[in-house]
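What follows is the content of input-v7.csv (CSV, C-alpha atoms).
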chain,number,residue,atom,x,y,z
J,1,MET,CA,14.0,-1.2,6.6
J,2,ASN,CA,15.2,-4.6,5.4
J,3,SER,CA,12.8,-7.5,5.2
J,4,PHE,CA,10.6,-5.5,7.5
J,5,TYR,CA,7.9,-7.8,8.7
J,6,ALA,CA,10.3,-10.7,9.0
J,7,SER,CA,12.9,-8.6,10.8
J,8,VAL,CA,10.3,-7.4,13.3
J,9,GLU,CA,9.3,-11.0,14.0
J,10,GLN,CA,12.9,-11.9,14.6
J,11,ALA,CA,13.4,-8.9,16.8
J,12,GLU,CA,10.4,-9.9,18.9
J,13,ARG,CA,11.4,-13.6,19.0
J,14,PRO,CA,15.2,-13.9,19.3
J,15,GLU,CA,15.0,-17.7,18.8
J,16,LEU,CA,14.1,-17.0,15.1
J,17,ARG,CA,17.2,-15.0,14.4
J,18,GLY,CA,19.4,-16.6,11.8
J,19,LYS,CA,16.6,-18.9,10.6
J,20,PRO,CA,14.7,-18.8,7.4
J,21,VAL,CA,11.4,-17.0,8.2
J,22,VAL,CA,8.6,-15.7,6.0
J,23,VAL,CA,5.5,-13.7,7.0
J,24,ALA,CA,2.6,-15.0,4.9
J,25,GLY,CA,-1.2,-14.9,4.6
J,26,LYS,CA,-3.4,-17.7,5.9
J,27,GLU,CA,-3.3,-20.7,3.7
J,28,GLU,CA,-6.7,-21.8,4.8
J,29,LEU,CA,-8.1,-18.5,3.6
J,30,ARG,CA,-6.4,-18.7,0.3
J,31,HIS,CA,-4.0,-15.9,1.1
J,32,GLY,CA,-1.1,-18.3,1.3
J,33,ILE,CA,1.6,-16.2,-0.4
J,34,VAL,CA,4.9,-14.8,0.9
J,35,LEU,CA,4.5,-11.2,2.1
J,36,THR,CA,8.0,-10.8,3.4
J,37,LYS,CA,11.0,-13.1,3.7
J,38,SER,CA,13.9,-12.9,6.0
J,39,ILE,CA,17.5,-12.4,4.8
J,40,GLU,CA,18.1,-16.1,5.5
J,41,ALA,CA,15.0,-17.2,3.5
J,42,LYS,CA,16.1,-15.0,0.6
J,43,ARG,CA,19.3,-17.1,0.3
J,44,TYR,CA,17.1,-20.1,-0.7
J,45,GLY,CA,15.7,-18.1,-3.6
J,46,ILE,CA,12.3,-17.5,-1.9
J,47,LYS,CA,10.5,-14.5,-3.5
J,48,THR,CA,7.9,-12.1,-2.3
J,49,ALA,CA,4.3,-13.0,-3.6
J,50,GLU,CA,5.1,-16.6,-4.4
J,51,ALA,CA,2.9,-19.3,-3.0
J,52,LEU,CA,3.9,-20.9,0.2
J,53,TRP,CA,4.0,-24.4,-1.3
J,54,GLN,CA,6.7,-23.1,-3.7
J,55,ALA,CA,8.6,-21.5,-0.8
J,56,ARG,CA,8.5,-24.7,1.2
J,57,ALA,CA,9.8,-26.7,-1.8
J,58,LYS,CA,12.9,-24.5,-1.8
J,59,CYS,CA,13.3,-24.6,2.0
J,60,PRO,CA,11.8,-27.5,3.9
J,61,ASP,CA,12.7,-26.0,7.2
J,62,LEU,CA,11.0,-22.7,6.4
J,63,ILE,CA,9.3,-21.0,9.4
J,64,VAL,CA,5.9,-19.5,8.4
J,65,LEU,CA,4.3,-16.8,10.5
J,66,PRO,CA,1.0,-14.9,10.2
J,67,PRO,CA,1.2,-11.1,9.8
J,68,ARG,CA,0.8,-8.9,12.8
J,69,TYR,CA,0.1,-5.5,11.3
J,70,LYS,CA,-0.4,-3.6,14.5
J,71,LEU,CA,3.0,-4.7,15.7
J,72,TYR,CA,4.6,-3.6,12.4
J,73,ARG,CA,2.9,-0.2,12.7
J,74,THR,CA,4.4,0.2,16.2
J,75,TYR,CA,7.9,-0.5,14.9
J,76,SER,CA,7.3,1.9,12.0
J,77,GLU,CA,6.3,4.6,14.4
J,78,ILE,CA,9.3,4.1,16.7
J,79,ALA,CA,11.6,4.3,13.6
J,80,ARG,CA,10.0,7.5,12.5
J,81,GLU,CA,10.5,9.0,16.0
J,82,ILE,CA,14.2,8.3,15.5
J,83,TYR,CA,14.2,10.0,12.1
J,84,TYR,CA,12.3,13.0,13.5
J,85,GLN,CA,15.2,13.7,15.8
J,86,TYR,CA,17.3,14.6,12.8
J,87,THR,CA,14.8,16.6,10.7
J,88,ASP,CA,11.2,17.6,10.7
J,89,LEU,CA,11.0,16.8,7.0
J,90,VAL,CA,10.1,13.1,7.1
J,91,GLU,CA,7.8,11.7,4.5
J,92,PRO,CA,6.6,8.1,4.9
J,93,PHE,CA,6.4,5.9,1.8
J,94,GLY,CA,4.6,2.9,3.3
J,95,LEU,CA,5.3,1.3,6.7
J,96,ASP,CA,9.0,0.6,6.1
J,97,GLU,CA,10.3,3.5,4.0
J,98,CYS,CA,10.7,7.2,4.5
J,99,TRP,CA,12.4,10.1,2.8
J,100,LEU,CA,14.3,12.5,5.1
J,101,ASP,CA,15.5,15.9,4.0
J,102,VAL,CA,18.4,16.9,6.3
J,103,THR,CA,19.6,19.8,4.2
J,104,GLY,CA,18.5,22.4,6.8
J,105,SER,CA,19.5,20.5,9.9
J,106,LEU,CA,22.8,18.9,8.7
J,107,ALA,CA,25.0,21.5,10.4
J,108,LEU,CA,23.4,20.5,13.8
J,109,HIS,CA,24.7,17.0,13.3
J,110,GLY,CA,28.3,17.6,12.3
J,111,GLY,CA,27.8,18.6,8.6
J,112,ASP,CA,28.6,15.1,7.2
J,113,VAL,CA,25.5,13.4,5.7
J,114,GLU,CA,27.2,10.0,5.7
J,115,VAL,CA,27.9,10.3,9.4
J,116,VAL,CA,24.3,11.1,10.0
J,117,ALA,CA,23.2,8.1,7.9
J,118,ARG,CA,25.4,5.8,9.8
J,119,GLU,CA,24.2,7.1,13.1
J,120,ILE,CA,20.6,6.6,12.1
J,121,SER,CA,21.4,3.1,10.9
J,122,GLU,CA,23.1,2.2,14.2
J,123,ARG,CA,20.3,3.6,16.3
J,124,VAL,CA,17.6,1.7,14.4
J,125,LYS,CA,19.7,-1.5,14.8
J,126,ALA,CA,20.2,-0.9,18.5
J,127,GLU,CA,16.8,0.3,19.5
J,128,LEU,CA,14.6,-1.8,17.2
J,129,GLY,CA,16.8,-4.8,16.4
J,130,CYS,CA,16.2,-4.2,12.6
J,131,THR,CA,18.6,-3.1,9.9
J,132,VAL,CA,18.1,-0.4,7.3
J,133,SER,CA,19.5,0.4,3.9
J,134,ILE,CA,19.9,4.1,3.2
J,135,GLY,CA,20.2,6.0,0.0
J,136,ILE,CA,21.7,9.5,-0.1
J,137,SER,CA,21.2,11.8,-3.0
J,138,TRP,CA,20.1,15.3,-4.0
J,139,ASN,CA,16.6,14.2,-5.1
J,140,LYS,CA,14.0,11.7,-3.8
J,141,ILE,CA,14.1,9.3,-6.7
J,142,PHE,CA,17.8,8.7,-6.6
J,143,ALA,CA,17.7,8.4,-2.8
J,144,LYS,CA,15.1,5.8,-3.2
J,145,PHE,CA,17.2,4.0,-5.8
J,146,GLY,CA,20.2,4.1,-3.5
J,147,SER,CA,18.2,2.6,-0.6
J,148,ASP,CA,17.4,-0.4,-2.9
J,149,TYR,CA,20.8,-0.7,-4.5
J,150,LYS,CA,22.6,-2.6,-1.7
J,151,LYS,CA,20.9,-4.7,0.9
J,152,PRO,CA,20.9,-5.4,3.8
J,153,ASP,CA,22.4,-2.8,6.2
J,154,ALA,CA,24.1,-0.6,3.6
J,155,ILE,CA,24.5,3.1,2.7
J,156,THR,CA,24.8,4.1,-0.9
J,157,VAL,CA,25.6,7.7,-2.0
J,158,ILE,CA,24.4,8.8,-5.4
J,159,THR,CA,26.0,12.1,-6.4
J,160,ARG,CA,26.0,14.3,-9.5
J,161,GLY,CA,29.4,12.9,-10.3
J,162,ASN,CA,28.6,9.1,-10.1
J,163,TYR,CA,24.9,8.7,-11.0
J,164,ARG,CA,25.6,8.0,-14.6
J,165,ASP,CA,27.8,5.1,-13.6
J,166,ILE,CA,25.5,3.7,-10.9
J,167,VAL,CA,21.9,4.7,-11.9
J,168,TRP,CA,22.1,4.8,-15.6
J,169,ASN,CA,23.6,1.4,-16.0
J,170,ALA,CA,20.9,-0.2,-13.9
J,171,PRO,CA,17.9,-2.0,-15.4
J,172,ALA,CA,15.0,0.2,-16.2
J,173,ARG,CA,12.8,-1.7,-13.8
J,174,GLU,CA,14.9,-0.4,-10.9
J,175,LEU,CA,13.5,3.1,-11.3
J,176,LEU,CA,10.5,4.0,-9.2
J,177,TYR,CA,7.2,3.4,-11.1
J,178,VAL,CA,8.7,1.4,-13.9
J,179,GLY,CA,6.6,-1.7,-13.6
J,180,PRO,CA,6.5,-4.9,-15.7
J,181,ALA,CA,4.2,-3.4,-18.3
J,182,THR,CA,6.3,-0.3,-18.7
J,183,GLU,CA,9.5,-2.4,-18.8
J,184,ARG,CA,8.0,-4.5,-21.6
J,185,LYS,CA,7.2,-1.4,-23.6
J,186,LEU,CA,10.6,0.1,-23.1
J,187,HIS,CA,12.3,-3.3,-24.0
J,188,ALA,CA,10.2,-3.4,-27.2
J,189,ALA,CA,11.8,-0.1,-28.2
J,190,GLY,CA,15.3,-1.3,-27.3
J,191,ILE,CA,15.5,0.6,-24.0
J,192,ASP,CA,16.6,-1.7,-21.1
J,193,THR,CA,18.5,0.7,-18.8
J,194,ILE,CA,17.6,3.8,-16.8
J,195,GLY,CA,20.2,5.6,-18.9
J,196,GLY,CA,18.3,4.6,-22.1
J,197,LEU,CA,15.1,6.0,-20.6
J,198,ALA,CA,16.9,9.2,-19.7
J,199,HIS,CA,17.8,9.7,-23.4
J,200,ALA,CA,14.4,8.7,-24.8
J,201,SER,CA,12.9,11.1,-27.4
J,202,ASP,CA,9.9,13.3,-26.8
J,203,ALA,CA,8.1,11.6,-29.7
J,204,PHE,CA,8.6,8.1,-28.4
J,205,LEU,CA,7.5,9.0,-24.8
J,206,ARG,CA,4.4,10.9,-26.1
J,207,ARG,CA,3.4,8.0,-28.4
J,208,ARG,CA,4.0,5.1,-26.0
J,209,PHE,CA,3.3,6.6,-22.5
J,210,GLY,CA,1.7,10.0,-22.7
J,211,LYS,CA,2.5,12.5,-19.9
J,212,VAL,CA,3.8,9.8,-17.5
J,213,GLY,CA,6.6,9.1,-19.9
J,214,PHE,CA,8.0,12.5,-19.5
J,215,VAL,CA,7.7,12.1,-15.7
J,216,LEU,CA,9.7,8.9,-15.8
J,217,ARG,CA,12.4,10.5,-18.0
J,218,THR,CA,12.6,13.3,-15.4
J,219,PHE,CA,13.1,10.7,-12.7
J,220,ALA,CA,15.8,9.0,-14.8
J,221,ARG,CA,17.7,12.2,-15.3
J,222,GLY,CA,17.7,13.1,-11.6
J,223,GLU,CA,15.7,16.2,-12.3
J,224,ASP,CA,12.8,15.6,-10.0
J,225,CYS,CA,12.5,18.4,-7.5
J,226,THR,CA,9.5,17.2,-5.5
J,227,PRO,CA,10.1,18.3,-1.9
J,228,VAL,CA,9.9,16.0,1.1
J,229,LYS,CA,6.7,16.8,2.8
J,230,PRO,CA,6.9,17.5,6.6
J,231,TYR,CA,5.8,14.6,8.8
J,232,ASP,CA,3.4,15.4,11.6
J,233,PRO,CA,4.3,13.1,14.5
J,234,THR,CA,1.0,13.9,16.2
J,235,ALA,CA,-1.1,12.9,13.2
J,236,ARG,CA,1.4,10.3,12.3
J,237,THR,CA,1.2,11.2,8.6
J,238,VAL,CA,2.0,13.9,6.1
J,239,GLU,CA,-0.5,16.2,4.5
J,240,ARG,CA,-1.8,14.8,1.2
J,241,VAL,CA,-4.8,14.9,-0.9
J,242,VAL,CA,-6.9,11.7,-0.8
J,243,LYS,CA,-8.7,11.1,-4.1
J,244,SER,CA,-10.4,7.8,-3.3
J,245,TYR,CA,-11.0,5.1,-0.7
J,246,GLY,CA,-10.8,1.5,-1.7
J,247,ASN,CA,-10.5,-2.0,-0.3
J,248,GLY,CA,-10.3,-5.4,-2.0
J,249,LEU,CA,-10.1,-9.0,-0.9
J,250,THR,CA,-9.3,-12.4,-2.5
J,251,ALA,CA,-12.1,-14.5,-1.2
J,252,PRO,CA,-11.4,-17.5,1.0
J,253,HIS,CA,-13.2,-19.7,-1.6
J,254,ALA,CA,-14.7,-19.3,-5.0
J,255,ILE,CA,-17.8,-17.1,-4.8
J,256,THR,CA,-20.5,-19.0,-6.5
J,257,CYS,CA,-23.7,-17.8,-4.9
J,258,PRO,CA,-25.4,-14.4,-4.2
J,259,SER,CA,-25.2,-14.7,-0.4
J,260,ASP,CA,-21.4,-15.1,-0.3
J,261,ALA,CA,-21.0,-12.3,-2.8
J,262,ARG,CA,-23.3,-10.0,-0.8
J,263,ALA,CA,-21.4,-10.7,2.4
J,264,LEU,CA,-18.1,-9.8,0.8
J,265,ILE,CA,-19.5,-6.6,-0.8
J,266,TRP,CA,-20.9,-5.4,2.5
J,267,LEU,CA,-17.7,-6.2,4.3
J,268,LEU,CA,-15.6,-4.2,1.8
J,269,ALA,CA,-18.1,-1.3,1.7
J,270,GLU,CA,-18.0,-1.2,5.5
J,271,SER,CA,-14.3,-0.6,5.5
J,272,VAL,CA,-14.4,2.0,2.7
J,273,ALA,CA,-17.3,4.0,4.2
J,274,GLN,CA,-15.8,3.9,7.7
J,275,ARG,CA,-12.5,5.4,6.5
J,276,MET,CA,-14.4,8.1,4.6
J,277,ARG,CA,-16.3,9.1,7.8
J,278,GLU,CA,-13.1,9.2,9.8
J,279,ASP,CA,-11.7,11.8,7.3
J,280,GLY,CA,-15.0,13.8,7.1
J,281,MET,CA,-15.5,12.9,3.4
J,282,ARG,CA,-18.3,11.7,1.2
J,283,ALA,CA,-18.2,10.1,-2.2
J,284,ARG,CA,-20.2,10.8,-5.3
J,285,THR,CA,-19.0,7.8,-7.2
J,286,VAL,CA,-18.8,4.1,-6.3
J,287,SER,CA,-16.8,1.5,-8.4
J,288,ILE,CA,-16.2,-2.2,-8.2
J,289,GLY,CA,-13.5,-4.5,-9.5
J,290,VAL,CA,-14.2,-8.1,-10.2
J,291,ARG,CA,-11.7,-10.9,-10.9
J,292,ASN,CA,-12.9,-14.4,-11.9
J,293,ASP,CA,-11.7,-17.7,-10.6
J,294,VAL,CA,-11.0,-19.3,-14.0
J,295,ASP,CA,-8.2,-17.3,-15.7
J,296,LEU,CA,-8.0,-14.4,-13.2
J,297,ALA,CA,-9.3,-12.0,-15.8
J,298,GLY,CA,-11.0,-8.9,-14.3
J,299,TYR,CA,-12.9,-5.7,-15.1
J,300,GLY,CA,-14.2,-2.6,-13.3
J,301,CYS,CA,-17.3,-0.4,-13.5
J,302,GLN,CA,-18.6,2.6,-11.7
J,303,VAL,CA,-21.8,4.5,-10.9
J,304,LYS,CA,-22.7,7.9,-9.7
J,305,LEU,CA,-24.6,8.2,-6.4
J,306,PRO,CA,-27.8,10.3,-6.3
J,307,HIS,CA,-26.2,12.3,-3.5
J,308,PRO,CA,-22.7,12.4,-2.0
J,309,SER,CA,-22.7,9.9,0.9
J,310,ALA,CA,-20.4,8.2,3.5
J,311,ALA,CA,-23.1,5.8,4.6
J,312,THR,CA,-22.1,2.1,4.4
J,313,ARG,CA,-25.6,1.3,3.2
J,314,HIS,CA,-25.3,3.6,0.1
J,315,VAL,CA,-21.8,2.4,-0.9
J,316,ALA,CA,-22.8,-1.3,-0.4
J,317,GLN,CA,-26.1,-1.0,-2.3
J,318,ALA,CA,-24.5,0.8,-5.3
J,319,ALA,CA,-21.7,-1.8,-5.4
J,320,TRP,CA,-24.1,-4.7,-5.1
J,321,ALA,CA,-26.4,-3.4,-7.8
J,322,MET,CA,-23.4,-3.2,-10.2
J,323,LEU,CA,-22.3,-6.7,-9.4
J,324,VAL,CA,-25.6,-8.5,-9.8
J,325,SER,CA,-26.3,-6.7,-13.1
J,326,ARG,CA,-23.1,-8.1,-14.5
J,327,GLU,CA,-22.5,-11.4,-12.8
J,328,PRO,CA,-24.7,-14.6,-12.7
J,329,LEU,CA,-23.2,-15.5,-9.3
J,330,ASP,CA,-23.4,-19.3,-10.0
J,331,GLU,CA,-21.2,-22.3,-10.2
J,332,ASP,CA,-20.4,-21.7,-13.8
J,333,HIS,CA,-19.1,-18.2,-13.2
J,334,PRO,CA,-17.0,-18.3,-10.0
J,335,ILE,CA,-15.5,-15.1,-8.7
J,336,ARG,CA,-12.1,-15.0,-7.0
J,337,ALA,CA,-11.7,-11.4,-5.8
J,338,LEU,CA,-13.8,-8.3,-5.4
J,339,HIS,CA,-12.8,-4.6,-4.9
J,340,VAL,CA,-15.0,-1.7,-3.8
J,341,ARG,CA,-13.9,1.9,-4.2
J,342,ALA,CA,-15.4,5.3,-3.4
J,343,SER,CA,-14.2,8.4,-5.3
J,344,ASP,CA,-15.1,11.8,-6.6
J,345,LEU,CA,-14.9,13.0,-3.0
J,346,VAL,CA,-16.4,16.1,-1.2
J,347,GLY,CA,-16.1,17.2,2.3
J,348,ILE,CA,-19.0,16.9,4.8
J,349,PRO,CA,-20.4,20.5,5.1
J,350,ALA,CA,-21.1,21.9,8.6
J,351,VAL,CA,-24.6,22.9,7.5
J,352,GLU,CA,-26.7,21.1,4.8
J,353,GLN,CA,-29.7,22.4,2.9
J,354,LEU,CA,-32.5,19.8,3.1
J,355,SER,CA,-34.9,19.2,0.2
J,356,LEU,CA,-38.5,20.2,0.6
J,357,PHE,CA,-39.6,17.8,-2.1
J,358,GLU,CA,-37.7,14.6,-1.7
J,359,GLN,CA,-38.9,11.9,0.7
J,360,SER,CA,-36.6,11.8,3.7
J,361,GLU,CA,-35.0,8.6,4.8
J,362,PRO,CA,-33.2,7.6,8.0
J,363,ASP,CA,-29.9,9.3,8.8
J,364,TRP,CA,-27.8,6.3,7.9
J,365,GLU,CA,-24.6,8.2,8.4
J,366,GLU,CA,-25.5,9.2,11.9
J,367,LEU,CA,-26.2,5.5,12.7
J,368,ASP,CA,-22.9,4.5,11.2
J,369,ARG,CA,-21.1,7.1,13.3
J,370,CYS,CA,-22.5,5.6,16.5
J,371,ILE,CA,-21.2,2.2,15.4
J,372,ASP,CA,-17.8,3.8,14.5
J,373,GLU,CA,-17.5,5.1,18.1
J,374,LEU,CA,-18.2,1.6,19.5
J,375,ARG,CA,-15.6,0.1,17.2
J,376,ARG,CA,-13.0,2.7,18.2
J,377,ARG,CA,-13.6,1.6,21.8
J,378,PHE,CA,-14.0,-2.1,21.5
J,379,GLY,CA,-12.5,-3.1,18.1
J,380,ASN,CA,-13.9,-3.3,14.5
J,381,THR,CA,-15.5,-6.7,15.1
J,382,CYS,CA,-17.5,-5.8,18.1
J,383,ILE,CA,-20.5,-5.0,15.9
J,384,VAL,CA,-21.0,-6.7,12.5
J,385,ARG,CA,-23.9,-6.6,10.1
J,386,GLY,CA,-26.1,-9.7,9.6
J,387,THR,CA,-25.3,-9.6,5.9
J,388,GLU,CA,-21.6,-10.2,6.6
J,389,LEU,CA,-22.5,-13.4,8.5
J,390,LEU,CA,-23.9,-15.0,5.4
J,391,ASP,CA,-20.5,-16.4,4.6
J,392,SER,CA,-19.0,-18.1,7.6
J,393,SER,CA,-15.5,-18.0,6.2
J,394,LEU,CA,-15.5,-14.2,6.5
J,395,VAL,CA,-16.6,-14.1,10.1
J,396,GLY,CA,-13.9,-12.6,12.3
J,397,ILE,CA,-12.0,-10.9,9.5
J,398,ASP,CA,-11.2,-7.3,10.4
J,399,ILE,CA,-11.2,-6.0,6.9
J,400,LYS,CA,-10.3,-2.5,7.9
J,401,ASP,CA,-7.5,-3.1,10.3
J,402,GLU,CA,-5.8,-6.3,9.0
J,403,ASN,CA,-4.9,-5.1,5.5
J,404,THR,CA,-1.3,-4.6,4.3
J,405,VAL,CA,-0.4,-0.9,4.3
J,406,HIS,CA,1.0,-0.2,0.9
J,407,PRO,CA,3.1,2.8,-0.1
J,408,VAL,CA,1.1,6.0,-0.8
J,409,GLY,CA,1.2,7.1,-4.4
J,410,TYR,CA,4.1,9.3,-5.4
J,411,PHE,CA,1.8,11.3,-7.6
J,412,HIS,CA,-0.8,12.1,-4.9
J,413,ARG,CA,-0.1,15.8,-5.5

Show this structure as structure tokens.
Amino acid sequence: MNSFYASVEQAERPELRGKPVVVAGKEELRHGIVLTKSIEAKRYGIKTAEALWQARAKCPDLIVLPPRYKLYRTYSEIAREIYYQYTDLVEPFGLDECWLDVTGSLALHGGDVEVVAREISERVKAELGCTVSIGISWNKIFAKFGSDYKKPDAITVITRGNYRDIVWNAPARELLYVGPATERKLHAAGIDTIGGLAHASDAFLRRRFGKVGFVLRTFARGEDCTPVKPYDPTARTVERVVKSYGNGLTAPHAITCPSDARALIWLLAESVAQRMREDGMRARTVSIGVRNDVDLAGYGCQVKLPHPSAATRHVAQAAWAMLVSREPLDEDHPIRALHVRASDLVGIPAVEQLSLFEQSEPDWEELDRCIDELRRRFGNTCIVRGTELLDSSLVGIDIKDENTVHPVGYFHR
């Protein structure tokens, strides 16, 4: 779906159509970067992730809107309902992208895949007011490439007969999971195109990238045979193995004291633990990520919990202990961003063996579940911890529900 957030805003507010629009984070909370730009804003050279002051310098008449993630999820679900009428094999890749495998159902829709693609495109445009770019191919990687090849409102067919001309001549960065660091390594070896990566030697890939290098070469050659996983419209997801739960936030201001750091740690831990409890999981490991406010350098560390837990208290205490053991939390060592992650997951058993020798403590998970139920009924901010009120700039932030939903990892299998 093209310029998804901005397109949804223009669909909801017709007076914005044809005007340069960006959806951006709140400048007063130091999230003032472009999340999505409309097609009209793109013509001014505005780029995703650039600061708003830079975007306004390029386009003085720029219209800036705050994100409305619940609305975007609604549009995403409506689009998936359209896709689901053509096949039950619909695998979401973030809010605005999906893979559809129509191999088995193509005969039901006339037998011409391009006709099906055009029909889907027209329906999304008519029913949602948004445009889509569609890639058609025999594998997921090239279909994804095709959907990015021409924008907006385009259909690109990548076949076994033309992929060498279209895909192999494209820059290496256009291939899924070739990021800036990988691109630099490839360029240093004289590989600048996807075709060059497709012909890279085993020795080079093993030396520079390890196993992932062979995966990328498989992608470049069109040999990936990963199936499209069936989408469950009831659960609104596909079956996948979750390996960790994490959440991070760029602080509204430089963190220079223990109280502000503690408030943010607990806010993040709350989101992480709540999501674990929703999925019936516990973590054995907690990790944090820290980025300073001077040169944006960062690091991470982790610790094992004494027992697997999904209690907010246990996740927060472990994260806090790691932070205070490594950071002075003063004016000379300001922190810009924090991240909390829970991993090494196990399911919550139906029956648990209690210890006869360890001193028992309150059932923090049970207390958290009571709070979870209230939040499901009245919203995530209906109950907050006193610790989270130590920093007034964080009050009212729904850390769990107001985050951008990024694509799920392709390697989650």

Per residue of segment 253-310 of chain J within 8 Å of segment 317-322 of chain J, note the shortest atom pair and the distance in Å to one decimal, counting only C-alpha atoms, and order the rows by chain and increasing residue number, as a Markdown table.
| residue | atom | partner | partner_atom | distance |
| --- | --- | --- | --- | --- |
| J:Arg262 | CA | J:Trp320 | CA | 6.9 |
| J:Ile265 | CA | J:Trp320 | CA | 6.6 |
| J:Ala269 | CA | J:Ala319 | CA | 8.0 |
| J:Val286 | CA | J:Ala319 | CA | 6.6 |
| J:Ser287 | CA | J:Ala319 | CA | 6.6 |
| J:Ile288 | CA | J:Ala319 | CA | 6.2 |
| J:Cys301 | CA | J:Met322 | CA | 7.5 |
| J:Gln302 | CA | J:Met322 | CA | 7.7 |
| J:Val303 | CA | J:Ala318 | CA | 7.2 |
| J:Leu305 | CA | J:Ala318 | CA | 7.5 |

Local residues around (16.7, 14.7, 15.7), at most 10 Å away, using all atoms listed in the file, as number ranges by chain: J: 81-88, 102, 105, 108-109, 120

Please produce an output containing C-alpha atoms for each residue in the selection, written as a JSON list (two decimals), keeping the file's coordinate frame.
[["chain", "number", "residue", "atom", "x", "y", "z"],
["J", 81, "GLU", "CA", 10.50, 9.00, 16.00],
["J", 82, "ILE", "CA", 14.20, 8.30, 15.50],
["J", 83, "TYR", "CA", 14.20, 10.00, 12.10],
["J", 84, "TYR", "CA", 12.30, 13.00, 13.50],
["J", 85, "GLN", "CA", 15.20, 13.70, 15.80],
["J", 86, "TYR", "CA", 17.30, 14.60, 12.80],
["J", 87, "THR", "CA", 14.80, 16.60, 10.70],
["J", 88, "ASP", "CA", 11.20, 17.60, 10.70],
["J", 102, "VAL", "CA", 18.40, 16.90, 6.30],
["J", 105, "SER", "CA", 19.50, 20.50, 9.90],
["J", 108, "LEU", "CA", 23.40, 20.50, 13.80],
["J", 109, "HIS", "CA", 24.70, 17.00, 13.30],
["J", 120, "ILE", "CA", 20.60, 6.60, 12.10]]

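Nearest residue to His333 of chain J, choosing from J:Thr256, J:Glu15, J:Ala297, J:Ala316 and counting all atoms listed in the file: J:Thr256.
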
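With all atoms listed in the file as the atoms that count, the residue of J:Pro92, J:Gly190, J:Gly129, J:Gly196 with the shortest distance to Lys229 of chain J is J:Pro92.
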
With 6 Å on each side, where is the centre of the axis-aligned box around all listed atoms of segment 12-24 of chain J, and how long are its edges in Å to one decimal, as AutoDock Vina command-line options?
--center_x 11.0 --center_y -14.4 --center_z 12.1 --size_x 28.8 --size_y 21.0 --size_z 26.4

Atom CA of Ala198 of chain J sits from atom CA of Ala170 of chain J at a separation of 11.7 Å

Long-range neighbours of Trp266 of chain J as an MDAnalysis selection string, 12 Å cut-off, only C-alpha atoms, 3 positions minimum in chain: chainID J and resid 247:249 259:263 269:274 311:321 338:340 384:391 394 399

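Nearest to Glu174 of chain J of all the residues J:Val90, J:Val116, J:Ala203, J:Ile141 is J:Ile141, based on only C-alpha atoms.
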
Determine, counting all atoms listed in the file, which protein, DNA and RNA residues have an atom within 6 Å of an atom of segment 148-162 of chain J; residues of the same chain fewer than 2 positions away are not included. Present the result as a ChimeraX atom specification. /J:2,131-137,145-146,164-165

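Take the candidates J:Glu183, J:Asp232, J:Glu331, J:Glu12 and check each one against Leu216 of chain J using only C-alpha atoms; the shortest distance goes to J:Glu183.
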
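Between Lys140 of chain J and the candidates J:Leu62, J:His199, J:Pro227, J:Ala57, the tightest atom-to-atom separation, counting all atoms listed in the file, involves J:Pro227.
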
Would you pick out the contacts of Ala51 of chain J at 8 Å or less, using all atoms listed in the file, so that residues sharing its chain but fewer than 5 positions from it are not included, and give the list as JSON, numbers by chain? {"J": [32, 33, 34]}

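If you look at atom CA of Pro258 of chain J and atom CA of Val324 of chain J, they are 8.1 Å away from each other.
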
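Across J:Ser392, J:Ser343, J:Thr182, J:Thr103, the tightest approach to Asn139 of chain J is made by J:Thr103 when counting all atoms listed in the file.
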
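For the atom pair formed by atom CA of Lys125 of chain J and atom CA of Met1 of chain J, the distance is 10.0 Å, given to one decimal.
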
Contacts of Ile255 of chain J within 8 Å, only C-alpha atoms, excl. fewer than 5 positions in-chain, as an mmCIF file with C-alpha atoms, in the coordinates of the input:
data_model
loop_
_atom_site.group_PDB
_atom_site.id
_atom_site.type_symbol
_atom_site.label_atom_id
_atom_site.label_comp_id
_atom_site.auth_asym_id
_atom_site.auth_seq_id
_atom_site.Cartn_x
_atom_site.Cartn_y
_atom_site.Cartn_z
ATOM 1 C CA ASP J 260 -21.400 -15.100 -0.300
ATOM 2 C CA ALA J 261 -21.000 -12.300 -2.800
ATOM 3 C CA LEU J 329 -23.200 -15.500 -9.300
ATOM 4 C CA ASP J 330 -23.400 -19.300 -10.000
ATOM 5 C CA PRO J 334 -17.000 -18.300 -10.000
ATOM 6 C CA ILE J 335 -15.500 -15.100 -8.700
ATOM 7 C CA ARG J 336 -12.100 -15.000 -7.000
#

Residues near Gly213 of chain J, anyone? I mean within 12 Å using all atoms listed in the file, not counting same-chain ones fewer than 2 positions away, as an MDAnalysis selection string. chainID J and resid 177:178 182:183 185:186 197:211 215:220
